[in-house]
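Colleague: Below are the structure tokens for one structure; questions will follow.
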Amino acid sequence: MPVTTHNFTSFDGTQLAIHEAGDSGARPLLLLHGLFSSAQMNWIKFGHAEKLAQAGLRVIMPDLRAHGQSGAPHDPVAYPTDVLVSDIEALIDHLALDDFDLGGFSLGARTTAKLLSTGTRPRRAMLIGMGWEGLQGWGRRRDFFVDAIDRREEVKRGDAHWMAVQFMKSMKIDPVAARLLLHSFGDLDVEAIAAVDVPTLVLCGADDHDNGSAPELARQLVNATYAEIPGTHMSSVTEPAMAQEMITFLQA
């Protein structure tokens, strides 16, 4: 199934690449990828977008600011607090989405949670590759990735930052833009997200503990379902079971 790409001008003029699969008249599903990744890597490469489109969905997959084919400005003014939330709110308005589903992996899941906590109300939501601890204490995770960026030319195999550095390099991430973006993430009101009564799928690899406990995240939310697939944080996105669990939840 073909994937089309178009550009969207966000609230501040930054150009974002939007990839779509499926019938334009089908039910919209907005999917947000993870840190240092892209729509191609998380949703398209391993067949998830195709399966979701074949299940009757219009799959809308932005490359987040400073990722993929989207703009990666170096001006700090382009990275106000929670800029990714502002980008997605602007995209929802631009596409006039009022009855849609929303989900994300890792950073995309955190952005989804932030959107839910600040009033965005999809029909159903999906938090993938995310645990309860990952929604809190962002400073520790931010500092880890900032350190990976700053030490990217000196990190050796065996260093805790090795995988992050190699992934960032393989994805051709702009280190200046990525560093600015990492400092834009605001705190998330976990009490607000816990109280949101949107049916939510918490989906995680069995060996993925990068963002804390996914089962605990599901327990903390008032209307959540937990599902587990094989894999670690890096490998779970390659699993065919990921798309199938998403389809089962969205068609329930």
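If you're wondering about the labels, chains in the structure tokens are A, B, ... by order shown, residues count from 1 in each chain, ligands from 1 in order shown.
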Which residues are near region 219-227 of chain A? Cut-off 12 Å, only C-alpha atoms, ignore same chain within fewer than 3 positions. Put them as a PyMOL selection string.

Modeller: chain A and resi 113+116-117+124-133+135+190-206+213-216+230+241-246+248-250+252

Colleague: Near His19 (chain A), within 8 Å and counting only C-alpha atoms, which residues show up once chain neighbours fewer than 3 positions away are dropped, as a list of chain:residue names?

Modeller: A:Val3, A:Thr4, A:Thr5, A:His6, A:Ala39, A:Ile60, A:Met61, A:Pro62, A:Asp63

Colleague: Using DSSP on the backbone coordinates, identify all residues within region 3-252 of chain A classified as alpha helix (DSSP H); present the result as a VMD selection string.

Modeller: chain A and resid 39 48 to 54 83 to 94 107 to 117 138 to 150 162 to 170 175 to 182 190 to 195 214 to 220 240 to 250

Colleague: As an NGL selection string, please: every residue in region 104-140 of chain A that a backbone DSSP assignment puts in strand (DSSP E or B).

Modeller: :A and (104-105 or 125-128)

Colleague: Could you dump the residues just selected with C-alpha atoms as a tab-separated table (two decimals), in the first residue's frame?

Modeller:
```
chain	number	residue	atom	x	y	z
A	104	GLY	CA	2.73	7.04	20.05
A	105	PHE	CA	5.86	5.08	20.83
A	125	ALA	CA	-5.36	6.40	22.75
A	126	MET	CA	-2.29	4.16	22.70
A	127	LEU	CA	0.83	4.53	24.86
A	128	ILE	CA	3.47	2.21	23.40
```

Colleague: Using only C-alpha atoms, which protein or nucleic acid residues come within 8 Å of Gly134 (chain A)? Drop anything in the same chain fewer than 5 positions from it, and give the result as a list in words.

Modeller: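 Selected residues are Arg110, Asp210, Asn211 and Gly212 of chain A.
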
Colleague: Any chance you could export the current selection's N, CA and C atoms as a short mmCIF file (atom, residue, chain, number, x, y, z; two decimals), in the first residue's frame?

Modeller:
```cif
data_model
loop_
_atom_site.label_atom_id
_atom_site.label_comp_id
_atom_site.auth_asym_id
_atom_site.auth_seq_id
_atom_site.Cartn_x
_atom_site.Cartn_y
_atom_site.Cartn_z
N ARG A 110 4.91 9.68 25.29
CA ARG A 110 4.94 10.77 26.28
C ARG A 110 4.23 12.00 25.74
N ASP A 210 12.86 0.34 29.53
CA ASP A 210 13.56 1.61 29.39
C ASP A 210 12.81 2.77 30.04
N ASN A 211 11.48 2.73 30.00
CA ASN A 211 10.67 3.81 30.56
C ASN A 211 9.89 3.37 31.80
N GLY A 212 10.42 2.36 32.51
CA GLY A 212 9.76 1.90 33.72
C GLY A 212 8.73 0.83 33.44
#
```

Colleague: Skip region 23-32 of chain A itself and residues of its chain fewer than 3 positions away, then list as a VMD selection string all residues within 6 Å of it, counting only C-alpha atoms.

Modeller: chain A and resid 57 to 61 100 to 104 108

Colleague: Just want the 9 Å neighbourhood of Val237 (chain A), counted on only C-alpha atoms, with same-chain residues fewer than 3 positions away dropped. Output as a ChimeraX atom specification.

Modeller: /A:41-43,46,48,105,129,205,231-234,240,242

Colleague: For the residues selected in the previous step, produce a file with N, CA and C atoms as a PDB file, in the first residue's frame.

Modeller:
```pdb
ATOM      1  N   MET A  41      10.865   4.663  10.304  1.00  0.00           N
ATOM      2  CA  MET A  41      11.465   3.625  11.138  1.00  0.00           C
ATOM      3  C   MET A  41      10.447   2.957  12.058  1.00  0.00           C
ATOM      4  N   ASN A  42       9.599   3.734  12.716  1.00  0.00           N
ATOM      5  CA  ASN A  42       8.676   3.154  13.700  1.00  0.00           C
ATOM      6  C   ASN A  42       7.430   2.540  13.087  1.00  0.00           C
ATOM      7  N   TRP A  43       6.904   3.146  12.033  1.00  0.00           N
ATOM      8  CA  TRP A  43       5.574   2.750  11.567  1.00  0.00           C
ATOM      9  C   TRP A  43       5.536   2.149  10.161  1.00  0.00           C
ATOM     10  N   PHE A  46       8.517  -1.624   9.081  1.00  0.00           N
ATOM     11  CA  PHE A  46       8.212  -2.985   9.522  1.00  0.00           C
ATOM     12  C   PHE A  46       6.754  -3.380   9.288  1.00  0.00           C
ATOM     13  N   HIS A  48       3.758  -1.870   9.952  1.00  0.00           N
ATOM     14  CA  HIS A  48       2.630  -1.518  10.823  1.00  0.00           C
ATOM     15  C   HIS A  48       1.634  -0.605  10.114  1.00  0.00           C
ATOM     16  N   PHE A 105       4.856   5.966  20.263  1.00  0.00           N
ATOM     17  CA  PHE A 105       5.863   5.080  20.833  1.00  0.00           C
ATOM     18  C   PHE A 105       6.921   5.896  21.564  1.00  0.00           C
ATOM     19  N   GLY A 129       5.522   1.396  24.428  1.00  0.00           N
ATOM     20  CA  GLY A 129       6.906   1.519  24.872  1.00  0.00           C
ATOM     21  C   GLY A 129       7.081   2.525  25.995  1.00  0.00           C
ATOM     22  N   GLY A 205       6.952  -4.074  24.930  1.00  0.00           N
ATOM     23  CA  GLY A 205       7.728  -5.297  24.792  1.00  0.00           C
ATOM     24  C   GLY A 205       7.940  -5.963  26.142  1.00  0.00           C
ATOM     25  N   GLY A 231      10.012  -8.604  22.761  1.00  0.00           N
ATOM     26  CA  GLY A 231      11.007  -7.614  22.405  1.00  0.00           C
ATOM     27  C   GLY A 231      11.433  -6.655  23.488  1.00  0.00           C
ATOM     28  N   THR A 232      12.535  -5.974  23.190  1.00  0.00           N
ATOM     29  CA  THR A 232      13.072  -4.892  24.007  1.00  0.00           C
ATOM     30  C   THR A 232      12.556  -3.564  23.474  1.00  0.00           C
ATOM     31  N   HIS A 233      13.064  -2.477  24.029  1.00  0.00           N
ATOM     32  CA  HIS A 233      12.637  -1.156  23.546  1.00  0.00           C
ATOM     33  C   HIS A 233      13.001  -0.973  22.071  1.00  0.00           C
ATOM     34  N   MET A 234      14.157  -1.477  21.684  1.00  0.00           N
ATOM     35  CA  MET A 234      14.601  -1.327  20.298  1.00  0.00           C
ATOM     36  C   MET A 234      13.949  -2.336  19.362  1.00  0.00           C
ATOM     37  N   PRO A 240       5.599  -8.078  14.280  1.00  0.00           N
ATOM     38  CA  PRO A 240       4.271  -8.011  13.649  1.00  0.00           C
ATOM     39  C   PRO A 240       3.143  -7.910  14.674  1.00  0.00           C
ATOM     40  N   MET A 242       2.915  -6.035  17.110  1.00  0.00           N
ATOM     41  CA  MET A 242       2.614  -4.654  17.499  1.00  0.00           C
ATOM     42  C   MET A 242       1.396  -4.134  16.741  1.00  0.00           C
TER      43      MET A 242
END
```

Colleague: Report the distance between CA of Leu181 (chain A) and CA of Gly71 (chain A) in Å, rounded to one decimal place.

Modeller: 11.8 Å

Colleague: In Å, rounded to a single decimal, give me how far CA of Met163 (chain A) is from CA of Phe145 (chain A).

Modeller: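 CA of Phe145 (chain A) sits 10.8 Å away from CA of Met163 (chain A).
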
Colleague: Please report the interatomic distance between CA of Asp187 (chain A) and CA of Arg152 (chain A) in Å with one decimal.

Modeller: 26.3 Å

Colleague: Restricting the calculation to only C-alpha atoms, which member of A:Leu52, A:Val77, A:Leu35, A:Ile88 is positioned closest to Leu115 (chain A)?

Modeller: A:Ile88

Colleague: Show which residues sit within 12 Å of Pro76 (chain A), as a list in words. Count only C-alpha atoms, and ignore same-chain residues fewer than 4 positions away.

Modeller: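 Within the cut-off, the hits are Ala72, Pro80, Thr81, Val83, Val176, Ala177, Ala178, Arg179, Leu180, Leu181, Leu182, His183 and Ser184 of chain A.
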
Colleague: Name all residues at most 9 Å from Pro2 (chain A) (count only C-alpha atoms; drop same-chain ones fewer than 5 positions away) and give them as a list of chain:residue names.

Modeller: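 After dropping sequence-adjacent residues, the list is A:Glu20, A:Ala21, A:Gly22, A:Glu50.
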